[in-house]
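Text of the file entry.pdb, holding PDB, C-alpha atoms:
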ATOM      1  CA  LYS A 744      -1.905 -50.485  48.421  1.00  0.00           C
ATOM      2  CA  SER A 745      -3.374 -51.728  45.120  1.00  0.00           C
ATOM      3  CA  GLU A 746      -3.272 -48.166  43.768  1.00  0.00           C
ATOM      4  CA  LEU A 747       0.415 -47.882  44.674  1.00  0.00           C
ATOM      5  CA  ALA A 748       1.077 -51.207  42.953  1.00  0.00           C
ATOM      6  CA  ARG A 749      -0.418 -49.764  39.754  1.00  0.00           C
ATOM      7  CA  GLY A 750       2.088 -46.905  39.899  1.00  0.00           C
ATOM      8  CA  VAL A 751      -0.212 -44.213  41.336  1.00  0.00           C
ATOM      9  CA  ALA A 752       1.866 -41.574  43.156  1.00  0.00           C
ATOM     10  CA  VAL A 753       1.799 -41.522  46.944  1.00  0.00           C
ATOM     11  CA  GLU A 754       0.659 -37.902  47.001  1.00  0.00           C
ATOM     12  CA  ASP A 755      -2.231 -38.724  44.654  1.00  0.00           C
ATOM     13  CA  VAL A 756      -3.371 -41.557  46.930  1.00  0.00           C
ATOM     14  CA  ARG A 757      -3.031 -39.306  49.974  1.00  0.00           C
ATOM     15  CA  SER A 758      -5.084 -36.555  48.311  1.00  0.00           C
ATOM     16  CA  ALA A 759      -7.811 -39.032  47.332  1.00  0.00           C
ATOM     17  CA  LEU A 760      -8.041 -40.344  50.890  1.00  0.00           C
ATOM     18  CA  LEU A 761      -8.255 -36.821  52.287  1.00  0.00           C
ATOM     19  CA  ALA A 762     -11.065 -36.054  49.837  1.00  0.00           C
ATOM     20  CA  GLN A 763     -12.928 -39.101  51.175  1.00  0.00           C
ATOM     21  CA  GLY A 764     -12.715 -37.707  54.705  1.00  0.00           C
ATOM     22  CA  TRP A 765      -9.751 -39.633  56.090  1.00  0.00           C
ATOM     23  CA  GLU A 766      -7.757 -38.059  58.925  1.00  0.00           C
ATOM     24  CA  LEU A 767      -4.040 -37.444  58.399  1.00  0.00           C
ATOM     25  CA  ALA A 768      -3.118 -39.703  61.300  1.00  0.00           C
ATOM     26  CA  ASP A 769      -5.197 -42.538  59.819  1.00  0.00           C
ATOM     27  CA  ILE A 770      -3.569 -42.043  56.418  1.00  0.00           C
ATOM     28  CA  ASP A 771      -0.076 -42.184  57.919  1.00  0.00           C
ATOM     29  CA  THR A 772      -1.008 -45.341  59.805  1.00  0.00           C
ATOM     30  CA  ALA A 773      -2.336 -46.913  56.596  1.00  0.00           C
ATOM     31  CA  PHE A 774       0.879 -46.124  54.738  1.00  0.00           C
ATOM     32  CA  GLU A 775       2.980 -47.568  57.558  1.00  0.00           C
ATOM     33  CA  THR A 776       0.824 -50.703  57.544  1.00  0.00           C
ATOM     34  CA  ALA A 777       1.385 -51.000  53.782  1.00  0.00           C
ATOM     35  CA  GLY A 778       5.134 -50.834  54.354  1.00  0.00           C
ATOM     36  CA  MET A 779       5.652 -47.369  52.918  1.00  0.00           C
ATOM     37  CA  HIS A 780       8.542 -46.679  55.275  1.00  0.00           C
ATOM     38  CA  THR A 781      10.523 -49.169  53.189  1.00  0.00           C
ATOM     39  CA  HIS A 782       8.635 -48.700  49.912  1.00  0.00           C
ATOM     40  CA  ILE A 783      11.663 -47.557  47.907  1.00  0.00           C
ATOM     41  CA  ALA A 784      13.739 -50.521  48.990  1.00  0.00           C
ATOM     42  CA  ALA A 785      10.877 -52.907  48.324  1.00  0.00           C
ATOM     43  CA  SER A 786      10.323 -51.553  44.845  1.00  0.00           C
ATOM     44  CA  TYR A 787      13.862 -52.327  43.758  1.00  0.00           C
ATOM     45  CA  GLY A 788      14.586 -55.529  45.596  1.00  0.00           C
ATOM     46  CA  SER A 789      14.371 -56.981  49.083  1.00  0.00           C
ATOM     47  CA  TYR A 790      13.126 -55.148  52.146  1.00  0.00           C
ATOM     48  CA  VAL A 791      15.775 -53.628  54.348  1.00  0.00           C
ATOM     49  CA  SER A 792      15.366 -52.618  57.940  1.00  0.00           C
ATOM     50  CA  PRO A 793      15.367 -48.914  58.819  1.00  0.00           C
ATOM     51  CA  GLY A 794      18.913 -47.584  59.095  1.00  0.00           C
ATOM     52  CA  SER A 795      20.486 -50.457  57.154  1.00  0.00           C
ATOM     53  CA  LEU A 796      21.487 -51.035  53.559  1.00  0.00           C
ATOM     54  CA  LEU A 797      22.064 -54.148  51.543  1.00  0.00           C
ATOM     55  CA  SER A 798      25.692 -55.194  51.537  1.00  0.00           C
ATOM     56  CA  VAL A 799      27.628 -54.820  48.300  1.00  0.00           C
ATOM     57  CA  TRP A 800      27.310 -58.543  47.533  1.00  0.00           C
ATOM     58  CA  GLU A 801      23.615 -58.565  48.418  1.00  0.00           C
ATOM     59  CA  LEU A 802      23.124 -55.523  46.205  1.00  0.00           C
ATOM     60  CA  LEU A 803      24.900 -57.236  43.309  1.00  0.00           C
ATOM     61  CA  ALA A 804      22.873 -60.403  43.803  1.00  0.00           C
ATOM     62  CA  SER A 805      19.636 -58.428  43.956  1.00  0.00           C
ATOM     63  CA  SER A 806      20.593 -56.466  40.837  1.00  0.00           C
ATOM     64  CA  CYS A 807      21.378 -59.672  38.963  1.00  0.00           C
ATOM     65  CA  GLY A 808      18.016 -61.079  40.015  1.00  0.00           C
ATOM     66  CA  VAL A 809      16.182 -58.005  38.730  1.00  0.00           C
ATOM     67  CA  PHE A 810      18.239 -58.076  35.526  1.00  0.00           C
ATOM     68  CA  LYS A 811      17.340 -61.709  34.850  1.00  0.00           C
ATOM     69  CA  LYS A 812      13.689 -61.197  35.706  1.00  0.00           C
ATOM     70  CA  ARG A 813      13.211 -57.976  33.731  1.00  0.00           C
ATOM     71  CA  PHE A 814      15.839 -58.442  31.003  1.00  0.00           C
ATOM     72  CA  TRP A 815      13.516 -58.499  27.996  1.00  0.00           C
ATOM     73  CA  VAL A 816      11.474 -55.563  29.230  1.00  0.00           C
ATOM     74  CA  MET A 817      14.636 -53.523  29.867  1.00  0.00           C
ATOM     75  CA  LEU A 818      16.030 -54.489  26.465  1.00  0.00           C
ATOM     76  CA  GLY A 819      12.771 -53.494  24.797  1.00  0.00           C
ATOM     77  CA  VAL A 820      12.791 -50.141  26.598  1.00  0.00           C
ATOM     78  CA  GLU A 821      16.361 -49.440  25.462  1.00  0.00           C
ATOM     79  CA  ILE A 822      15.736 -50.474  21.852  1.00  0.00           C
ATOM     80  CA  LEU A 823      12.582 -48.369  21.646  1.00  0.00           C
ATOM     81  CA  GLY A 824      14.396 -45.397  23.220  1.00  0.00           C
ATOM     82  CA  VAL A 825      17.292 -45.539  20.757  1.00  0.00           C
ATOM     83  CA  PHE A 826      14.806 -45.960  17.905  1.00  0.00           C
ATOM     84  CA  LEU A 827      12.823 -42.881  18.998  1.00  0.00           C
ATOM     85  CA  ALA A 828      15.996 -40.819  19.353  1.00  0.00           C
ATOM     86  CA  ALA A 829      17.198 -41.895  15.896  1.00  0.00           C
ATOM     87  CA  ILE A 830      13.810 -41.156  14.336  1.00  0.00           C
ATOM     88  CA  SER A 831      13.564 -37.714  15.953  1.00  0.00           C
ATOM     89  CA  PHE A 832      17.049 -36.724  14.828  1.00  0.00           C
ATOM     90  CA  GLY A 833      16.678 -38.247  11.359  1.00  0.00           C
ATOM     91  CA  ALA A 834      13.308 -36.571  10.756  1.00  0.00           C
ATOM     92  CA  CYS A 835      14.732 -33.129  11.483  1.00  0.00           C
ATOM     93  CA  ILE A 836      17.728 -33.744   9.256  1.00  0.00           C
ATOM     94  CA  PHE A 837      15.353 -34.914   6.516  1.00  0.00           C
ATOM     95  CA  VAL A 838      13.328 -31.713   6.804  1.00  0.00           C
ATOM     96  CA  LEU A 839      16.506 -29.664   6.763  1.00  0.00           C
ATOM     97  CA  VAL A 840      17.881 -31.351   3.649  1.00  0.00           C
ATOM     98  CA  VAL A 841      14.684 -31.656   1.617  1.00  0.00           C
ATOM     99  CA  PHE A 842      12.761 -28.504   2.427  1.00  0.00           C
ATOM    100  CA  SER A 843      15.459 -25.902   2.997  1.00  0.00           C
ATOM    101  CA  PRO A 844      16.871 -24.331  -0.183  1.00  0.00           C
ATOM    102  CA  GLU A 845      19.611 -22.753   1.905  1.00  0.00           C
ATOM    103  CA  VAL A 846      21.290 -26.053   2.748  1.00  0.00           C
ATOM    104  CA  THR A 847      24.788 -26.485   1.330  1.00  0.00           C
ATOM    105  CA  PHE A 848      27.206 -29.328   1.961  1.00  0.00           C
ATOM    106  CA  THR A 849      30.775 -28.486   2.938  1.00  0.00           C
ATOM    107  CA  ARG A 850      33.959 -30.550   2.990  1.00  0.00           C
ATOM    108  CA  THR A 851      34.951 -30.563   6.644  1.00  0.00           C
ATOM    109  CA  SER A 852      35.727 -33.083   9.358  1.00  0.00           C
ATOM    110  CA  SER A 853      33.346 -31.439  11.810  1.00  0.00           C
ATOM    111  CA  PHE A 854      29.878 -32.974  11.866  1.00  0.00           C
ATOM    112  CA  LEU A 855      28.362 -29.751  13.136  1.00  0.00           C
ATOM    113  CA  ASN A 856      29.517 -27.975   9.974  1.00  0.00           C
ATOM    114  CA  ILE A 857      28.095 -30.354   7.367  1.00  0.00           C
ATOM    115  CA  PHE A 858      25.382 -27.784   6.709  1.00  0.00           C
ATOM    116  CA  SER A 859      25.728 -24.053   6.397  1.00  0.00           C
ATOM    117  CA  MET A 860      24.460 -22.641   9.658  1.00  0.00           C
ATOM    118  CA  SER A 861      21.575 -20.512   8.423  1.00  0.00           C
ATOM    119  CA  ALA A 862      18.737 -19.540  10.739  1.00  0.00           C
ATOM    120  CA  TRP A 863      16.763 -22.523   9.469  1.00  0.00           C
ATOM    121  CA  GLY A 864      19.731 -24.822   9.976  1.00  0.00           C
ATOM    122  CA  LEU A 865      20.248 -23.638  13.545  1.00  0.00           C
ATOM    123  CA  PHE A 866      16.561 -24.115  14.314  1.00  0.00           C
ATOM    124  CA  ALA A 867      16.493 -27.612  12.788  1.00  0.00           C
ATOM    125  CA  PHE A 868      19.568 -28.707  14.720  1.00  0.00           C
ATOM    126  CA  PHE A 869      18.084 -27.275  17.920  1.00  0.00           C
ATOM    127  CA  VAL A 870      14.822 -29.179  17.411  1.00  0.00           C
ATOM    128  CA  ALA A 871      16.703 -32.362  16.521  1.00  0.00           C
ATOM    129  CA  ALA A 872      18.904 -32.142  19.588  1.00  0.00           C
ATOM    130  CA  LEU A 873      15.924 -31.330  21.845  1.00  0.00           C
ATOM    131  CA  LEU A 874      13.877 -34.282  20.586  1.00  0.00           C
ATOM    132  CA  ALA A 875      16.834 -36.651  20.785  1.00  0.00           C
ATOM    133  CA  VAL A 876      17.643 -35.585  24.358  1.00  0.00           C
ATOM    134  CA  PHE A 877      13.980 -35.880  25.351  1.00  0.00           C
ATOM    135  CA  SER A 878      13.873 -39.404  23.898  1.00  0.00           C
ATOM    136  CA  MET A 879      16.935 -40.474  25.863  1.00  0.00           C
ATOM    137  CA  VAL A 880      15.659 -38.902  29.095  1.00  0.00           C
ATOM    138  CA  TRP A 881      12.300 -40.585  28.536  1.00  0.00           C
ATOM    139  CA  MET A 882      14.080 -43.908  28.033  1.00  0.00           C
ATOM    140  CA  GLY A 883      16.118 -43.444  31.222  1.00  0.00           C
ATOM    141  CA  ILE A 884      12.982 -42.816  33.276  1.00  0.00           C
ATOM    142  CA  ALA A 885      11.195 -45.722  31.596  1.00  0.00           C
ATOM    143  CA  LEU A 886      14.036 -48.002  32.698  1.00  0.00           C
ATOM    144  CA  LEU A 887      13.423 -46.973  36.315  1.00  0.00           C
ATOM    145  CA  PHE A 888       9.820 -48.125  35.951  1.00  0.00           C
ATOM    146  CA  ALA A 889      10.841 -51.256  34.031  1.00  0.00           C
ATOM    147  CA  VAL A 890      12.908 -52.619  36.940  1.00  0.00           C
ATOM    148  CA  ARG A 891      10.101 -52.227  39.495  1.00  0.00           C
ATOM    149  CA  ASP A 892       8.694 -55.566  40.637  1.00  0.00           C
ATOM    150  CA  ASP A 893       5.821 -54.044  42.621  1.00  0.00           C
ATOM    151  CA  MET A 894       3.877 -53.017  39.489  1.00  0.00           C
ATOM    152  CA  THR A 895       1.783 -55.082  37.101  1.00  0.00           C
ATOM    153  CA  ASP A 896       1.551 -52.765  34.096  1.00  0.00           C
ATOM    154  CA  ASN A 897       5.198 -51.869  33.582  1.00  0.00           C
ATOM    155  CA  GLY A 898       5.996 -53.708  30.397  1.00  0.00           C
ATOM    156  CA  VAL A 899       7.823 -51.875  27.621  1.00  0.00           C
ATOM    157  CA  PHE A 900       4.954 -49.589  26.643  1.00  0.00           C
ATOM    158  CA  GLY A 901       3.585 -49.376  30.172  1.00  0.00           C
ATOM    159  CA  SER A 902       6.967 -48.191  31.436  1.00  0.00           C
ATOM    160  CA  TYR A 903       7.074 -45.500  28.766  1.00  0.00           C
ATOM    161  CA  ARG A 904       3.516 -44.441  29.595  1.00  0.00           C
ATOM    162  CA  HIS A 905       4.339 -44.001  33.277  1.00  0.00           C
ATOM    163  CA  ALA A 906       7.662 -42.336  32.455  1.00  0.00           C
ATOM    164  CA  PHE A 907       6.099 -39.749  30.154  1.00  0.00           C
ATOM    165  CA  GLN A 908       4.150 -38.323  33.087  1.00  0.00           C
ATOM    166  CA  LYS A 909       7.333 -37.999  35.146  1.00  0.00           C
ATOM    167  CA  VAL A 910       9.610 -36.333  32.576  1.00  0.00           C
ATOM    168  CA  PRO A 911       8.871 -32.709  33.649  1.00  0.00           C
ATOM    169  CA  THR A 912       9.241 -33.578  37.348  1.00  0.00           C
ATOM    170  CA  ILE A 913      12.500 -35.479  36.835  1.00  0.00           C
ATOM    171  CA  LEU A 914      13.942 -32.636  34.748  1.00  0.00           C
ATOM    172  CA  TRP A 915      12.959 -30.073  37.389  1.00  0.00           C
ATOM    173  CA  VAL A 916      14.414 -32.164  40.214  1.00  0.00           C
ATOM    174  CA  SER A 917      17.608 -32.621  38.164  1.00  0.00           C
ATOM    175  CA  VAL A 918      17.908 -28.861  37.668  1.00  0.00           C
ATOM    176  CA  LEU A 919      17.386 -28.222  41.385  1.00  0.00           C
ATOM    177  CA  SER A 920      19.959 -30.889  42.255  1.00  0.00           C
ATOM    178  CA  LEU A 921      22.437 -29.348  39.830  1.00  0.00           C
ATOM    179  CA  PHE A 922      22.035 -25.936  41.425  1.00  0.00           C
ATOM    180  CA  VAL A 923      22.518 -27.352  44.925  1.00  0.00           C
ATOM    181  CA  VAL A 924      25.597 -29.364  43.951  1.00  0.00           C
ATOM    182  CA  PHE A 925      27.042 -26.459  41.957  1.00  0.00           C
ATOM    183  CA  GLY A 926      26.452 -24.102  44.868  1.00  0.00           C
ATOM    184  CA  GLY A 927      28.249 -26.473  47.194  1.00  0.00           C
ATOM    185  CA  SER A 928      31.124 -26.848  44.754  1.00  0.00           C
ATOM    186  CA  ILE A 929      31.583 -23.072  44.596  1.00  0.00           C
ATOM    187  CA  LEU A 930      32.144 -22.988  48.340  1.00  0.00           C
ATOM    188  CA  PHE A 931      34.569 -25.877  48.047  1.00  0.00           C
ATOM    189  CA  LEU A 932      34.682 -29.235  46.287  1.00  0.00           C
ATOM    190  CA  ILE A 933      33.830 -31.271  49.392  1.00  0.00           C
ATOM    191  CA  PRO A 934      30.393 -29.679  50.050  1.00  0.00           C
ATOM    192  CA  GLY A 935      29.497 -30.332  46.418  1.00  0.00           C
ATOM    193  CA  ILE A 936      30.348 -34.040  46.770  1.00  0.00           C
ATOM    194  CA  ILE A 937      28.387 -34.259  50.024  1.00  0.00           C
ATOM    195  CA  ALA A 938      25.351 -32.669  48.377  1.00  0.00           C
ATOM    196  CA  ALA A 939      25.620 -34.935  45.309  1.00  0.00           C
ATOM    197  CA  VAL A 940      25.447 -38.061  47.501  1.00  0.00           C
ATOM    198  CA  TRP A 941      22.593 -36.621  49.572  1.00  0.00           C
ATOM    199  CA  LEU A 942      20.544 -36.001  46.436  1.00  0.00           C
ATOM    200  CA  PHE A 943      21.493 -39.192  44.607  1.00  0.00           C
ATOM    201  CA  VAL A 944      18.188 -40.968  45.266  1.00  0.00           C
ATOM    202  CA  ALA A 945      15.975 -37.957  44.436  1.00  0.00           C
ATOM    203  CA  ARG A 946      14.916 -39.432  41.108  1.00  0.00           C
ATOM    204  CA  PHE A 947      13.948 -42.703  42.810  1.00  0.00           C
ATOM    205  CA  VAL A 948      11.868 -40.733  45.305  1.00  0.00           C
ATOM    206  CA  VAL A 949      10.070 -39.119  42.360  1.00  0.00           C
ATOM    207  CA  ILE A 950       9.427 -42.473  40.667  1.00  0.00           C
ATOM    208  CA  VAL A 951       8.362 -44.490  43.710  1.00  0.00           C
ATOM    209  CA  GLU A 952       6.796 -41.965  46.083  1.00  0.00           C
ATOM    210  CA  GLY A 953       5.639 -39.312  43.620  1.00  0.00           C
ATOM    211  CA  ASP A 954       7.327 -36.381  45.376  1.00  0.00           C
ATOM    212  CA  LYS A 955       8.179 -33.260  43.415  1.00  0.00           C
ATOM    213  CA  GLY A 956      10.708 -30.430  43.517  1.00  0.00           C
ATOM    214  CA  MET A 957      12.270 -29.591  46.862  1.00  0.00           C
ATOM    215  CA  SER A 958      10.207 -32.287  48.582  1.00  0.00           C
ATOM    216  CA  ALA A 959      12.000 -34.955  46.526  1.00  0.00           C
ATOM    217  CA  LEU A 960      15.381 -33.422  47.404  1.00  0.00           C
ATOM    218  CA  ALA A 961      14.505 -33.250  51.104  1.00  0.00           C
ATOM    219  CA  ASN A 962      13.355 -36.872  51.186  1.00  0.00           C
ATOM    220  CA  SER A 963      16.460 -37.976  49.284  1.00  0.00           C
ATOM    221  CA  LYS A 964      18.622 -36.335  51.935  1.00  0.00           C
ATOM    222  CA  ALA A 965      16.513 -37.971  54.649  1.00  0.00           C
ATOM    223  CA  TYR A 966      17.048 -41.436  53.129  1.00  0.00           C
ATOM    224  CA  VAL A 967      20.814 -40.908  52.839  1.00  0.00           C
ATOM    225  CA  SER A 968      21.301 -39.253  56.249  1.00  0.00           C
ATOM    226  CA  GLY A 969      23.054 -41.631  58.620  1.00  0.00           C
ATOM    227  CA  ARG A 970      24.184 -43.756  55.673  1.00  0.00           C
ATOM    228  CA  TRP A 971      26.233 -41.211  53.728  1.00  0.00           C
ATOM    229  CA  TRP A 972      29.475 -43.197  53.607  1.00  0.00           C
ATOM    230  CA  ALA A 973      27.636 -46.411  52.783  1.00  0.00           C
ATOM    231  CA  VAL A 974      25.804 -44.736  49.892  1.00  0.00           C
ATOM    232  CA  PHE A 975      29.021 -43.029  48.739  1.00  0.00           C
ATOM    233  CA  GLY A 976      30.816 -46.389  48.664  1.00  0.00           C
ATOM    234  CA  ARG A 977      28.049 -48.012  46.623  1.00  0.00           C
ATOM    235  CA  ILE A 978      28.021 -45.165  44.114  1.00  0.00           C
ATOM    236  CA  PHE A 979      31.759 -44.949  43.564  1.00  0.00           C
TER
END

Final structure tokens representation of the file:
Amino acid sequence: KSELARGVAVEDVRSALLAQGWELADIDTAFETAGMHTHIAASYGSYVSPGSLLSVWELLASSCGVFKKRFWVMLGVEILGVFLAAISFGACIFVLVVFSPEVTFTRTSSFLNIFSMSAWGLFAFFVAALLAVFSMVWMGIALLFAVRDDMTDNGVFGSYRHAFQKVPTILWVSVLSLFVVFGGSILFLIPGIIAAVWLFVARFVVIVEGDKGMSALANSKAYVSGRWWAVFGRIF
């Protein structure tokens, strides 16, 4: 339980216990004893009983409590994220302007056309956009760690440290979710909406339980199943 409190993924703890000779049944019992069946709910507020959700007012009250408790950490995460995105974009523009003899300024209202689009210009803009997007994604994941009250090392920099390890997994889960939702939308709009709600908590499953890929999607669906309308109402 102490390892989970430090942000160690569930699968990593499970693997370590197996390596020490634990039986699967004993591991499952240990997780149940530690409250892992409600671990996601506990990480973001009060415990909820299986099959139930916090009411809208309880959810708002819990969110306000987390906001008050973690305000300065969340603010620090956001400021640092915007700063990193601005630095990454500005550095690439600086390289483009200073070191490329092919740069020419044009009089146009379109920001994307302020430089002639040479091969170097296209590459610089691609790098700038990639770094800026990465910074914002990193910040978004760091915020998910920043609001957790079951961790002790999730200050501003701690949240970013944990988040950095989860960026590839979150991106992969997001891509898989997009494909599932898009596939459902092709059949008809309604299946796409159903799938989007099913997979809404996938990123929280990644952050709290350490699941990856299709396992995170499957567990997200399992958490939402039986509560679809309740989750839909809280989202929209």

Grab the atom CA of A:Thr912 to atom CA of A:Ile836 distance for me, in Å with one decimal place.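 The value is 29.3 Å.
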
Please write as a VMD selection string the full residue list that the PyMOL selection byres ((chain A and resi 873-885) around 12) yields on this file. chain A and resid 816 to 836 866 to 872 886 to 891 897 to 914 917 946 to 947 949 to 951

I'd like the interatomic distance between atom CA of A:Val967 and atom CA of A:Trp941, to a tenth of an Å. 5.7 Å

Report, in Å to a single decimal, how far apart atom CA of A:Val940 and atom CA of A:Val974 are.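 It comes out at 7.1 Å.
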
Specify the axis-aligned box that encloses all atoms of stretch 945-951 of chain A listed in the file after padding of 8 Å on each side, stating its centre and edge lengths in Å to one decimal as lines of an AutoDock Vina configuration file.
center_x = 12.2
center_y = -41.2
center_z = 43.0
size_x = 23.6
size_y = 22.5
size_z = 20.6

Near-stretch 919-931 of chain A list (8 Å; all atoms listed in the file; drop same-chain fewer than 4 positions) as a list in words: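 The contact residues come out as Trp915, Gly935, Ile936, Ala938, Ala939, Leu942, Gly956, Met957 and Leu960 of chain A.
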
Residues in the PyMOL selection byres ((chain A and resi 977-979) around 12), expressed as number ranges by chain: A: 796-803, 936, 939-941, 943-944, 967, 970-976
